[in-house]
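**Q** Please find one structure pasted underneath; my questions will follow.
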Amino acid sequence: MIPAGVVTAGRVTHESGSVDDLAAASPESQRAGVADLCSVPAVEEAYVLSTCNRVEAYVVGTDADVGRAALEEFFAPVDDDAVVLTDHDESLHHLLCVASGLESVVLGEDQIIGQVRTAYEDARNAGGIGKMLEAAVTKAIHVGERARTETGINEGVVSLGSAATTLAARDVPLEGATALVVGAGEMGRLAARSLADAGVGTVVVANRTVSHAEHLASELEAAADAVPLEALDTVASEVDVVITATGSAEPVLEPRQLESADSGRENDGTGGDGGTGPAQVVVDLGQPRDVVPAADSLSTVTVYDLDDLESVTTETREQRADAAREVESMIDREFELLCEQYKRARADEVIAAMYESANRMKERELETALSQLDGEQFSADQREVVEAMADALVNQLLAPPTKSLREAAAEDDWSTINTALQLFDPDFGGDDGPMASPLTPGTMSVKPQLEATDDD
């Protein structure tokens, strides 16, 4: 059963803020972010999703004010204009959209569904997943999987790595080119595979842990080498395309590491003002930045960051418009099912508490009555008849309020639920206290009011 509670969420995304805003919003880790939120009094559950294009935090609190206060503190390092706070319904609906890829930079991209799963495991390991977020996040994962298997939302460009390759190809012919991928994580893997598929001659993978770079290089269907990050001083100036995708807190690529390429192209007439050759292209997928911004001032080096992928992602969005509409309809239906699940669970929780209290009273009164009749020498069969009568009385008395509670929950009528509870003695729970805490009316509406936002 799911306890009464209110979900509140906050986010900074590629739509609401800059790359620097995203960097400021990013927690030390998803698990650490969950732990920080759960340390706030009255926050019962928490979930944090942190990727290169979004930092999102979801909390379950006793009311919306509790959640908003916790999230405002969580996003305190970020400019207020970059932070979007949402209420219960919108937060749940948005989470389904995120897992389905509708909020991604590359509409329908596949990477986000894995990131949602990883964030779920991190939150669970940090003690942030309770019954309410368990239902919400597992529903989001289910919807994300359905979207990708039942629609064409992920056809074509399916990741930021492939989008980066498409962007680079506009400036540099990739067939036979030499490419450098900095970072051997999931994003780097996608970028390297995309470059290999595009026909580059050689892919060089640079990574802090060289064994990881070697493993990625061995997987590629192209000539590939692995080097440590220290090799960037010599390697970066010798390639045509660079795609960076590390998790480093500081830039890993500086202008000086590209300057020899810039100088060489100016001297041989292949770049600079009036040059005829292709420029070196650097696509920075890091968040925070992997490339010092000043590198873009080099005359034959063009640096793109996450914000520059808009042209590629707009084309993909147009191609997938029909599939997106299918996914939106799917999300709307699954959102309704999630709300119904919450309603049933909340009503059932109150009903269960009511029956538990009634049974405690029944057992107490039955024991008293039988002890007074002990001298009558009741047989086992006679005792069973008396106990069955007591059970029947409890069930018949509680049948009408049970029906009323379920109908009220289905109609979002939480005031009727509280009224129905008041039909019984407030001390119905006997020595153990009241049978249930009153629920807050109006915390579950099935009609979300969504913002027009469109990552990862």
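By convention in this document, the chains of the structure tokens carry letters A, B, ... by their order, each chain's residues are numbered from 1, and ligands are numbered from 1 in the order they are shown.
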Per residue of range 152-251 of chain A within 12 Å of range 20-43 of chain A, note the shortest atom pair and the distance in Å to one decimal, counting only C-alpha atoms, and order the rows by chain and increasing residue number, as a tab-separated table.
**A**
residue	atom	partner	partner_atom	distance
A:Gly247	CA	A:Ala23	CA	11.0
A:Ser248	CA	A:Ala23	CA	11.0
A:Ala249	CA	A:Ala23	CA	8.7
A:Glu250	CA	A:Ala23	CA	10.6
**Q** Looking only at strand (DSSP E) from DSSP on the backbone, list the matching residues of range 82-257 of chain A as a list in words.
**A**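 Residues of range 82-257 of chain A classed as strand (DSSP E): Val84, Leu85, Thr86, Thr178, Ala179, Leu180, Val181, Val182, Thr202, Val203, Val204, Val205, Ala206, Asn207, Ala223, Ala224, Asp225, Ala226, Val227, Pro228, Val241, Val242, Ile243 and Thr244 of chain A.
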**Q** As number ranges by chain, please: every residue in range 109-356 of chain A that a backbone DSSP assignment puts in helix (DSSP H, G or I).
**A** A: 111-125, 131-150, 160-169, 186-197, 210-219, 229-238, 256-267, 293-297, 306-319, 321-356
**Q** Using only C-alpha atoms, which protein or nucleic acid residues come within 7 Å of Gly144 in chain A? Drop anything in the same chain fewer than 5 positions from it, and give the result as a list of chain:residue names.
**A**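 The neighbour list is A:Ala99, A:Ser100, A:Ile113.
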**Q** Find the distance between CA of Ala82 in chain A and CA of Ser18 in chain A and write it in Å to one decimal.
**A** 7.9 Å
**Q** What is the distance, in Å and to one decimal place, between CA of Lys139 in chain A and CA of Leu160 in chain A?
**A**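 Interatomic distance, CA of Lys139 in chain A to CA of Leu160 in chain A: 24.8 Å.
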